[in-house]
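*Asks:* What follows is work-v3.txt, made up of compact mmCIF, C-alpha atoms:
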# COMPACT_ATOMS: atom_id res chain seq x y z
CA MET U 924 70.47 -29.59 21.36
CA LEU U 925 70.50 -29.19 25.14
CA GLN U 926 74.20 -28.38 25.01
CA ARG U 927 73.50 -25.73 22.38
CA LEU U 928 70.83 -24.12 24.56
CA LEU U 929 73.29 -24.17 27.45
CA SER U 930 76.06 -22.44 25.50
CA GLU U 931 73.98 -19.94 23.49
CA GLY U 932 70.92 -19.26 25.60
CA ALA U 933 67.39 -18.95 24.25
CA LEU U 934 66.86 -20.07 20.62
CA THR U 935 63.88 -20.35 18.30
CA ARG U 936 62.56 -23.60 16.86
CA MET U 937 63.89 -22.62 13.42
CA GLU U 938 67.36 -21.95 14.84
CA LEU U 939 67.33 -25.37 16.48
CA GLU U 940 66.14 -26.99 13.25
CA ALA U 941 69.04 -25.39 11.38
CA PHE U 942 71.49 -26.63 13.99
CA THR U 943 70.20 -30.21 14.24
CA GLY U 944 68.97 -30.74 10.67
CA LEU U 945 65.64 -32.04 11.98
CA SER U 946 62.40 -31.37 10.17
CA LYS U 947 59.78 -28.98 11.56
CA PRO U 948 57.39 -31.78 12.72
CA THR U 949 60.22 -33.76 14.33
CA MET U 950 61.60 -30.70 16.10
CA SER U 951 58.15 -29.66 17.32
CA ASP U 952 57.63 -33.14 18.77
CA LEU U 953 61.06 -33.09 20.41
CA LEU U 954 60.39 -29.71 21.98
CA ARG U 955 57.09 -30.92 23.40
CA ARG U 956 58.70 -34.01 24.92
CA LEU U 957 61.61 -32.11 26.45
CA GLU U 958 59.22 -29.53 27.88
CA ALA U 959 57.04 -32.27 29.36
CA VAL U 960 59.99 -33.67 31.38
CA ASN U 961 61.10 -30.18 32.51
CA LEU U 962 64.40 -30.10 30.61
CA ILE U 963 63.48 -27.02 28.55
CA ARG U 964 60.94 -24.23 28.85
CA ARG U 965 59.48 -21.40 26.78
CA ASP U 966 61.31 -18.12 27.27
CA GLY U 967 59.41 -15.34 25.57
CA GLU U 968 59.42 -14.42 21.90
CA LYS U 969 61.90 -13.16 19.37
CA ALA U 970 60.73 -10.18 17.36
CA GLY U 971 60.95 -10.63 13.59
CA THR U 972 60.93 -8.16 10.76
CA TYR U 973 57.75 -9.57 9.24
CA GLY U 974 55.01 -11.89 10.45
CA PRO U 975 54.38 -13.32 13.90
CA LYS U 976 57.04 -13.41 16.60
CA ALA U 977 58.97 -16.68 16.94
CA GLY U 978 58.84 -18.39 20.34
CA LEU U 979 62.10 -18.84 22.23
CA TRP U 980 63.19 -22.00 24.02
CA THR U 981 65.78 -22.22 26.76
CA LEU U 982 67.28 -24.84 29.06
CA HIS U 983 65.20 -25.35 32.20
CA GLN U 984 67.61 -24.22 34.88
CA GLU U 985 65.89 -26.33 37.53
CA ALA U 986 66.43 -29.55 35.55
CA SER U 987 69.31 -30.45 37.86
CA TYR U 988 71.21 -29.10 40.86
CA VAL U 989 74.81 -29.72 41.88
CA ALA U 990 76.92 -28.92 44.93
CA GLY U 991 80.60 -28.06 45.22
CA ILE U 992 82.38 -28.12 48.59
CA ASP U 993 85.85 -26.96 49.58
CA VAL U 994 87.06 -28.53 52.83
CA GLY U 995 90.09 -26.74 54.26
CA THR U 996 91.90 -26.11 57.51
CA HIS U 997 90.05 -22.84 58.02
CA GLY U 998 86.56 -24.21 57.41
CA ILE U 999 84.18 -25.51 54.75
CA ASP U 1000 82.94 -23.46 51.81
CA ALA U 1001 79.92 -24.82 49.91
CA ALA U 1002 77.80 -23.72 46.97
CA ILE U 1003 74.73 -24.96 45.08
CA SER U 1004 74.37 -24.37 41.33
CA ASP U 1005 71.57 -25.04 38.87
CA ILE U 1006 72.33 -26.89 35.63
CA ALA U 1007 73.03 -23.63 33.81
CA GLY U 1008 75.88 -22.86 36.22
CA ASN U 1009 74.14 -20.18 38.25
CA VAL U 1010 75.12 -20.30 41.94
CA ILE U 1011 71.82 -20.14 43.82
CA GLY U 1012 73.10 -20.65 47.36
CA SER U 1013 76.34 -20.63 49.33
CA PHE U 1014 77.41 -21.18 52.91
CA GLN U 1015 80.68 -21.03 54.82
CA HIS U 1016 81.33 -22.89 58.07
CA ALA U 1017 84.34 -21.36 59.78
CA GLY U 1018 86.95 -23.61 61.38
CA SER U 1019 90.45 -23.45 62.79
CA PRO U 1020 93.60 -25.49 62.11
CA GLY U 1021 93.91 -28.46 64.45
CA GLU U 1022 90.24 -28.41 65.43
CA ARG U 1023 88.83 -31.84 66.27
CA TYR U 1024 85.32 -32.65 65.04
CA ASP U 1025 83.23 -35.39 63.44
CA ALA U 1026 83.63 -35.04 59.67
CA HIS U 1027 80.27 -36.63 58.81
CA GLU U 1028 78.34 -34.44 61.21
CA ARG U 1029 80.13 -31.30 59.95
CA LEU U 1030 79.55 -32.17 56.28
CA THR U 1031 75.86 -32.98 56.66
CA THR U 1032 75.37 -29.77 58.64
CA VAL U 1033 76.93 -27.77 55.81
CA LEU U 1034 74.78 -29.56 53.22
CA ASP U 1035 71.67 -28.81 55.21
CA ARG U 1036 72.55 -25.12 55.54
CA VAL U 1037 73.60 -24.57 51.93
CA THR U 1038 70.54 -26.29 50.48
CA ARG U 1039 68.28 -24.20 52.71
CA GLU U 1040 70.06 -21.09 51.40
CA ALA U 1041 69.39 -22.32 47.85
CA GLY U 1042 65.75 -23.15 48.58
CA ILE U 1043 66.04 -26.83 47.69
CA ALA U 1044 66.15 -30.13 49.58
CA ILE U 1045 69.34 -32.13 50.06
CA LYS U 1046 67.90 -34.94 47.92
CA ASP U 1047 67.54 -32.44 45.04
CA ILE U 1048 71.34 -32.45 44.65
CA ASP U 1049 72.13 -34.62 41.63
CA GLN U 1050 75.93 -34.42 41.85
CA LEU U 1051 78.28 -33.51 44.69
CA VAL U 1052 82.01 -32.83 44.45
CA VAL U 1053 84.13 -32.43 47.59
CA GLY U 1054 87.63 -30.94 47.43
CA LEU U 1055 90.19 -31.90 50.07
CA PRO U 1056 93.89 -31.07 50.57
CA GLY U 1057 96.22 -34.05 50.67
CA ILE U 1058 96.33 -37.43 48.96
CA VAL U 1059 92.83 -38.32 47.80
CA ASP U 1060 91.73 -41.81 46.78
CA ILE U 1061 89.27 -40.88 44.02
CA SER U 1062 88.14 -44.48 43.49
CA ALA U 1063 87.39 -45.18 47.17
CA GLY U 1064 86.07 -41.67 47.81
CA ASN U 1065 88.13 -40.79 50.85
CA LEU U 1066 91.14 -38.80 52.00
CA ARG U 1067 93.92 -41.37 52.23
CA ARG U 1068 96.46 -39.05 53.83
CA GLY U 1069 95.94 -35.45 54.86
CA GLN U 1070 98.15 -34.02 57.57
CA GLN U 1071 96.12 -30.81 57.52
CA LEU U 1072 92.76 -32.59 58.00
CA PRO U 1073 93.13 -35.66 60.24
CA ASN U 1074 89.36 -35.60 60.93
CA TRP U 1075 88.71 -36.61 57.31
CA GLU U 1076 91.22 -39.43 56.88
CA GLY U 1077 89.45 -42.69 56.06
CA TYR U 1078 86.00 -41.07 55.94
CA HIS U 1079 84.30 -42.69 52.90
CA ILE U 1080 82.12 -39.83 51.77
CA PRO U 1081 80.05 -41.40 48.93
CA GLU U 1082 79.08 -44.35 51.09
CA ALA U 1083 78.35 -42.19 54.14
CA LEU U 1084 76.16 -39.75 52.19
CA GLN U 1085 74.12 -42.30 50.25
CA GLY U 1086 71.33 -42.23 52.81
CA VAL U 1087 71.38 -38.42 52.88
CA LEU U 1088 71.45 -37.81 49.13
CA GLY U 1089 69.59 -40.91 47.94
CA HIS U 1090 72.41 -41.78 45.52
CA ARG U 1091 76.20 -42.06 45.27
CA HIS U 1092 76.85 -39.33 42.71
CA VAL U 1093 79.72 -38.05 44.85
CA ILE U 1094 83.25 -37.31 43.65
CA ILE U 1095 86.18 -36.66 45.97
CA GLU U 1096 89.02 -34.70 44.42
CA ASN U 1097 92.26 -33.04 45.47
CA ASP U 1098 91.73 -29.32 46.04
CA VAL U 1099 94.55 -28.20 43.73
CA ASN U 1100 93.17 -30.33 40.91
CA LEU U 1101 89.86 -28.52 41.30
CA VAL U 1102 91.62 -25.17 41.00
CA ALA U 1103 93.21 -26.45 37.78
CA ILE U 1104 89.72 -27.26 36.47
CA GLU U 1105 88.61 -23.72 37.30
CA GLU U 1106 91.69 -22.25 35.58
CA MET U 1107 90.73 -24.22 32.45
CA ALA U 1108 87.13 -23.05 32.60
CA TYR U 1109 87.48 -19.38 33.53
CA GLY U 1110 91.07 -18.56 34.45
CA ALA U 1111 94.52 -18.24 32.93
CA ALA U 1112 94.42 -21.60 31.15
CA VAL U 1113 91.26 -21.21 29.05
CA SER U 1114 91.85 -23.06 25.73
CA VAL U 1115 95.25 -24.30 26.98
CA GLN U 1116 95.60 -28.06 26.50
CA SER U 1117 98.69 -28.67 28.64
CA PHE U 1118 99.68 -26.78 31.76
CA ILE U 1119 100.89 -27.14 35.33
CA LEU U 1120 99.23 -25.32 38.20
CA LEU U 1121 101.64 -24.80 41.09
CA TRP U 1122 99.76 -24.04 44.29
CA ILE U 1123 101.67 -22.24 47.07
CA SER U 1124 99.60 -21.36 50.11
CA ASP U 1125 99.14 -23.20 53.41
CA GLY U 1126 100.68 -26.17 51.60
CA VAL U 1127 102.48 -26.85 48.32
CA GLY U 1128 100.92 -28.90 45.54
CA ALA U 1129 100.39 -29.04 41.82
CA GLY U 1130 97.83 -30.06 39.25
CA ALA U 1131 98.90 -31.22 35.79
CA VAL U 1132 96.68 -31.12 32.71
CA ILE U 1133 97.74 -32.85 29.50
CA GLY U 1134 95.50 -32.99 26.45
CA GLY U 1135 92.83 -31.12 28.37
CA ARG U 1136 92.60 -33.81 31.05
CA LEU U 1137 93.83 -33.93 34.63
CA ILE U 1138 96.61 -36.38 35.40
CA HIS U 1139 96.00 -38.39 38.56
CA GLY U 1140 98.81 -40.94 38.25
CA SER U 1141 98.71 -44.63 39.11
CA THR U 1142 98.05 -44.02 42.81
CA GLY U 1143 96.25 -40.68 42.62
CA THR U 1144 99.24 -38.74 43.96
CA ALA U 1145 100.29 -36.94 40.78
CA GLY U 1146 101.14 -33.33 41.58
CA GLU U 1147 102.54 -33.91 45.07
CA LEU U 1148 105.63 -31.77 44.39
CA GLY U 1149 106.12 -30.93 48.05
CA GLY U 1150 108.03 -34.18 48.58
CA ALA U 1151 110.56 -33.56 45.78
CA MET U 1152 114.22 -32.98 46.71
CA VAL U 1153 115.92 -29.96 45.12
CA PRO U 1154 119.10 -27.90 45.71
CA ASP U 1155 118.35 -25.00 48.01
CA ARG U 1156 120.18 -22.57 45.67
CA PHE U 1157 122.18 -22.43 42.45
CA ALA U 1158 125.68 -23.78 43.00
CA LYS U 1159 128.76 -21.91 41.92
CA PRO U 1160 131.57 -24.02 40.40
CA GLY U 1161 132.97 -26.25 43.12
CA GLU U 1162 130.39 -25.15 45.69
CA THR U 1163 128.51 -27.69 47.78
CA VAL U 1164 124.81 -27.05 48.16
CA GLN U 1165 122.24 -28.47 50.51
CA MET U 1166 119.31 -30.55 49.28
CA ALA U 1167 115.90 -29.62 50.61
CA LEU U 1168 112.29 -30.68 50.24
CA VAL U 1169 110.18 -28.35 48.12
CA GLU U 1170 107.71 -28.27 51.01
CA ASP U 1171 110.46 -26.95 53.30
CA LEU U 1172 111.37 -24.21 50.83
CA LEU U 1173 107.84 -23.07 50.00
CA ASN U 1174 105.69 -23.70 53.05
CA ILE U 1175 104.12 -20.65 54.65
CA GLY U 1176 106.70 -20.57 57.46
CA ALA U 1177 109.60 -20.60 55.01
CA ILE U 1178 107.96 -17.88 52.90
CA GLU U 1179 107.40 -15.66 55.93
CA ALA U 1180 111.02 -16.17 57.03
CA LEU U 1181 112.16 -15.08 53.56
CA VAL U 1182 109.86 -12.06 53.69
CA ASN U 1183 111.28 -11.03 57.07
CA ARG U 1184 114.89 -11.53 55.99
CA HIS U 1185 114.39 -9.18 53.04
CA GLY U 1186 112.58 -6.60 55.18
CA LEU U 1187 109.23 -6.69 53.36
CA LYS U 1188 106.37 -5.03 55.22
CA GLY U 1189 102.73 -6.07 55.39
CA GLU U 1190 99.95 -7.42 57.60
CA ASP U 1191 101.29 -10.93 56.95
CA GLY U 1192 103.62 -12.68 54.53
CA ILE U 1193 101.14 -12.77 51.66
CA ASP U 1194 100.24 -9.11 52.05
CA ALA U 1195 103.94 -8.20 52.18
CA ILE U 1196 104.55 -10.04 48.90
CA ARG U 1197 101.58 -8.32 47.29
CA ARG U 1198 102.86 -4.91 48.37
CA ALA U 1199 106.36 -5.73 47.15
CA ALA U 1200 105.01 -6.77 43.75
CA LEU U 1201 103.51 -3.30 43.29
CA GLY U 1202 106.93 -1.65 43.44
CA ASP U 1203 110.35 -2.22 41.90
CA ARG U 1204 112.65 -2.22 44.93
CA HIS U 1205 112.57 -5.89 45.91
CA GLY U 1206 114.41 -7.64 43.09
CA ALA U 1207 116.58 -9.66 45.47
CA PHE U 1208 113.53 -11.06 47.25
CA PHE U 1209 111.79 -12.09 44.04
CA ALA U 1210 115.03 -13.56 42.69
CA GLU U 1211 115.30 -15.85 45.72
CA LEU U 1212 111.63 -16.76 45.79
CA GLY U 1213 111.69 -17.23 42.01
CA TYR U 1214 114.54 -19.72 42.34
CA ARG U 1215 112.60 -21.78 44.88
CA VAL U 1216 109.53 -21.86 42.64
CA ALA U 1217 111.60 -22.71 39.56
CA ALA U 1218 113.37 -25.50 41.45
CA ALA U 1219 109.99 -26.99 42.35
CA LEU U 1220 108.88 -26.88 38.71
CA THR U 1221 111.99 -27.92 36.78
CA GLY U 1222 111.50 -31.68 36.88
CA ALA U 1223 107.81 -31.51 35.99
CA ILE U 1224 108.48 -29.07 33.12
CA GLY U 1225 111.25 -31.27 31.76
CA ILE U 1226 109.02 -34.35 31.76
CA LEU U 1227 105.67 -32.89 30.72
CA ASP U 1228 106.79 -30.02 28.44
CA PRO U 1229 103.64 -27.96 29.17
CA GLU U 1230 102.49 -24.90 27.26
CA MET U 1231 101.98 -22.94 30.45
CA VAL U 1232 102.65 -22.86 34.18
CA VAL U 1233 100.09 -21.09 36.37
CA LEU U 1234 101.28 -19.86 39.77
CA GLY U 1235 98.35 -20.10 42.16
CA GLY U 1236 97.54 -20.00 45.84
CA GLY U 1237 98.13 -16.99 48.03
CA VAL U 1238 101.81 -16.67 47.10
CA GLY U 1239 101.26 -17.03 43.34
CA ARG U 1240 98.44 -14.51 43.38
CA ALA U 1241 100.38 -12.00 45.51
CA GLY U 1242 103.64 -12.37 43.58
CA GLY U 1243 101.95 -11.72 40.25
CA LYS U 1244 104.08 -10.71 37.28
CA PRO U 1245 107.32 -9.98 39.22
CA LEU U 1246 107.36 -13.53 40.55
CA CYS U 1247 106.51 -15.00 37.14
CA ASP U 1248 109.31 -12.99 35.50
CA SER U 1249 111.77 -14.13 38.16
CA VAL U 1250 110.84 -17.80 37.63
CA THR U 1251 111.27 -17.38 33.88
CA ASP U 1252 114.72 -15.82 34.39
CA VAL U 1253 115.82 -18.87 36.40
CA LEU U 1254 114.44 -21.34 33.85
CA ARG U 1255 116.31 -19.59 31.04
CA ARG U 1256 119.56 -20.77 32.65
CA LEU U 1257 118.52 -24.40 32.24
CA PRO U 1258 118.56 -26.65 29.13
CA ILE U 1259 114.79 -27.17 29.06
CA ALA U 1260 111.91 -25.74 27.04
CA ILE U 1261 110.43 -22.74 28.83
CA PRO U 1262 106.63 -22.56 29.07
CA GLN U 1263 104.70 -19.37 29.59
CA ILE U 1264 104.69 -18.53 33.32
CA VAL U 1265 101.55 -16.65 34.42
CA PRO U 1266 99.80 -15.80 37.70
CA THR U 1267 96.45 -17.31 38.58
CA ALA U 1268 93.36 -15.63 37.15
CA VAL U 1269 90.64 -17.26 39.26
CA SER U 1270 88.93 -16.09 42.42
CA SER U 1271 90.03 -16.86 45.96
CA ASN U 1272 87.24 -19.48 46.24
CA ALA U 1273 88.57 -21.37 43.22
CA VAL U 1274 88.47 -24.78 44.95
CA ARG U 1275 84.73 -24.45 45.52
CA ALA U 1276 84.20 -23.06 42.03
CA GLY U 1277 86.20 -25.93 40.51
CA ALA U 1278 84.16 -28.41 42.50
CA VAL U 1279 80.95 -26.90 41.10
CA GLU U 1280 82.41 -27.00 37.58
CA LEU U 1281 83.32 -30.69 37.86
CA ALA U 1282 79.91 -31.50 39.35
CA LEU U 1283 78.20 -29.71 36.45
CA GLU U 1284 80.24 -31.66 33.92
CA HIS U 1285 79.04 -34.98 35.35
CA ALA U 1286 75.44 -33.90 35.93
CA ARG U 1287 75.08 -32.48 32.42
CA GLU U 1288 76.53 -35.59 30.83
CA ARG U 1289 74.07 -37.75 32.72
CA VAL U 1290 70.98 -35.57 32.22
CA PHE U 1291 71.70 -34.48 28.64
CA THR U 1292 72.17 -38.08 27.48
CA GLY U 1293 69.57 -39.80 29.63
CA GLY U 1294 66.98 -37.11 30.25
CA SER U 1295 65.20 -36.45 33.52
CA ALA U 1296 64.96 -40.18 34.20
CA ALA U 1297 68.78 -40.27 34.48
CA ARG U 1298 68.88 -38.00 37.53
CA GLY U 1299 68.68 -40.90 39.92
CA LEU U 1300 70.74 -43.42 37.97
CA PRO U 1301 74.10 -44.68 39.32
What is this structure when it is put down as structure tokens?

*Replies:*
Amino acid sequence: MLQRLLSEGALTRMELEAFTGLSKPTMSDLLRRLEAVNLIRRDGEKAGTYGPKAGLWTLHQEASYVAGIDVGTHGIDAAISDIAGNVIGSFQHAGSPGERYDAHERLTTVLDRVTREAGIAIKDIDQLVVGLPGIVDISAGNLRRGQQLPNWEGYHIPEALQGVLGHRHVIIENDVNLVAIEEMAYGAAVSVQSFILLWISDGVGAGAVIGGRLIHGSTGTAGELGGAMVPDRFAKPGETVQMALVEDLLNIGAIEALVNRHGLKGEDGIDAIRRAALGDRHGAFFAELGYRVAAALTGAIGILDPEMVVLGGGVGRAGGKPLCDSVTDVLRRLPIAIPQIVPTAVSSNAVRAGAVELALEHARERVFTGGSAARGLP
């Protein structure tokens, strides 16, 4: 019933009776009990054609609060949401690549600021999800290896925050996986059960979803495509090609070198790609970039046979349809099934949004099944 109120909004007692099959006395008692523990509340009246107006019931938005945090090389982006998914506070702490700082002090500072923006206390957070770039140990709750964020390596976040939050409802997840969650919820992959998200931005990574669930792999490193070896170009008969790491072909330096070689103009490499995608005079550039992207994807597509590939990150967003079409053209030359190739459809703060979405999933499961008493349970 709580899930129904979440998805449909305010409903009358009779509408809830029809949905649950409960009798009028039983439903009335249930409504009283849920209202008493602040899980639902009255929300006005519904006008009827005849007779008195029926009272409306809705989910109590303050029944639970969650936090989603994106930790990146350029700073930390945090948001607080109520159980209905409304963002009620956000805060960004700017940073710079290579900056040295104490991760625990920085994280607790951000939590303090974002909760003050939301008008709640830190201990009101029932679920926290932190997104980090690199290889994340989701069971231990720490960044095992992250060249971009050495300050966070080995920092066991759930354990460190237990005294701050009053519980260990903390999930650590790879940032690209969180973007994949957001693509499933609100982006290009809504209702898609199997897809690959290829992320090309400051780094190269991927998230794979099969049967509607993220794949983490046996060691939690599923999706680390940057370390794959691929030919640097299509070989002509008898031609010798060089093997290269995907990371070396698609890192931001390599992308900017490609942009410069093809004479694209813009404030930076990403802006130049975006401008080029708006015209039709840069086919050679997109053909070369499309090959690199296709080379990164070929092995994963051949093994997973996904319905869709989403091109995300700054490069995927900027390249848009021209890049997707170029990747498809390359894949057509190969003896593999070709999935739909589409650009990302989520916002630029998709890591934070995905973190909030994952936090809501866990908080709702706990509160909807265990009631208000479950908020503090392990």

*Asks:* Taking the point (113.1, -31.0, 50.4) as given in the file, collect each protein or nucleic acid residue that comes within 8 Å of it, counting all atoms listed in the file, and present the set as a PDB file with C-alpha atoms, in the frame of the given file.

*Replies:*
ATOM      1  CA  GLY U1149     106.120 -30.930  48.050  1.00  0.00           C
ATOM      2  CA  GLY U1150     108.030 -34.180  48.580  1.00  0.00           C
ATOM      3  CA  ALA U1151     110.560 -33.560  45.780  1.00  0.00           C
ATOM      4  CA  MET U1152     114.220 -32.980  46.710  1.00  0.00           C
ATOM      5  CA  VAL U1153     115.920 -29.960  45.120  1.00  0.00           C
ATOM      6  CA  MET U1166     119.310 -30.550  49.280  1.00  0.00           C
ATOM      7  CA  ALA U1167     115.900 -29.620  50.610  1.00  0.00           C
ATOM      8  CA  LEU U1168     112.290 -30.680  50.240  1.00  0.00           C
ATOM      9  CA  VAL U1169     110.180 -28.350  48.120  1.00  0.00           C
ATOM     10  CA  GLU U1170     107.710 -28.270  51.010  1.00  0.00           C
ATOM     11  CA  ASP U1171     110.460 -26.950  53.300  1.00  0.00           C
ATOM     12  CA  LEU U1172     111.370 -24.210  50.830  1.00  0.00           C
TER      13      LEU U1172
END

*Asks:* Identify which of the residues U:Glu1230, U:Glu1190, U:Glu1147, U:Glu1105 lies closest to U:Leu1121, counting all atoms listed in the file when measuring atom-to-atom distances.

*Replies:*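 The shortest atom-to-atom distance to U:Leu1121 comes from U:Glu1147.
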
*Asks:* Neighbouring residues of U:Glu1211 were defined as those with any atom within 12 Å, considering all atoms listed in the file; residues of the same chain fewer than 5 positions away were excluded. Please report them as a list in words.

*Replies:*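 Once the adjacent positions are removed, what remains is Asp1155, Arg1156, Phe1157, Leu1172, Leu1173, Ala1177, Ile1178, Leu1181, Val1182, Arg1184, His1185, His1205, Gly1206, Val1216, Ala1217, Ala1218, Pro1245, Leu1246, Ser1249, Val1250, Asp1252 and Val1253 of chain U.
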
*Asks:* Can you tell me, as a PyMOL selection string, what residues are no more than 12 Å from U:His1285 when counting all atoms listed in the file, ignoring any on the same chain fewer than 5 positions away?

*Replies:* chain U and resi 987-990+1006+1049-1052+1092-1094+1278-1280+1290-1292+1297-1298+1301

*Asks:* What does the distance from atom CA of U:Ile1061 to atom CA of U:Leu1281 come to in Å, to one decimal?

*Replies:*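 Calculated distance between atom CA of U:Ile1061 and atom CA of U:Leu1281 is 13.3 Å.
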
*Asks:* What's the 12 Å shell around U:Gly1064, counting all atoms listed in the file, without same-chain residues fewer than 3 positions away, as a list in words?

*Replies:*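 After dropping sequence-adjacent residues, the list is Leu1051, Val1052, Val1053, Gly1054, Leu1055, Ile1058, Val1059, Asp1060, Ile1061, Arg1067, Trp1075, Glu1076, Gly1077, Tyr1078, His1079, Ile1080, Pro1081, Glu1082, Ala1083, Leu1084, Arg1091, His1092, Val1093, Ile1094, Ile1095, Glu1096, Asn1097 and Gly1143 of chain U.
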
*Asks:* Here is a test: counting only C-alpha atoms, which residue of U:Ile963, U:Val1274, U:Leu1212, U:Leu1148 is nearest to U:Ile1224?

*Replies:* U:Leu1148

*Asks:* For U:Ala933, work out the shell of residues within 6 Å, counting all atoms listed in the file and skipping chain neighbours fewer than 4 positions away, then give it as a PyMOL selection string.

*Replies:* chain U and resi 979-981

*Asks:* Can you measure atom CA of U:Leu1101 to atom CA of U:Pro1020 for me? One decimal in Å is fine.

*Replies:*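 If I compute the distance from atom CA of U:Leu1101 to atom CA of U:Pro1020, I get 21.4 Å.
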
*Asks:* Ranking U:Glu931, U:Glu1106, U:Glu940, U:Asp1000 by minimum distance to U:Asp952 and counting all atoms listed in the file, which one comes first?

*Replies:* U:Glu940

*Asks:* Could you name the residues that touch U:Gly1235 at 10 Å or less, counting all atoms listed in the file, but leaving out those on the same chain fewer than 3 positions away, as a ChimeraX atom specification?

*Replies:* /U:1099,1102-1103,1106,1120-1124,1128-1129,1232,1238-1243,1265-1269,1271,1273

*Asks:* Select, from U:Ile1264, U:Ala1002, U:Leu1034, U:Leu939, the residue with the minimum atom-to-atom distance to U:Lys1046, counting all atoms listed in the file.

*Replies:*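 The answer is U:Leu1034, which sits nearest to U:Lys1046.
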
*Asks:* What is the distance, in Å and to one decimal place, between atom CA of U:Val1233 and atom CA of U:Phe1118?

*Replies:*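 We find that atom CA of U:Val1233 and atom CA of U:Phe1118 lie 7.3 Å from each other.
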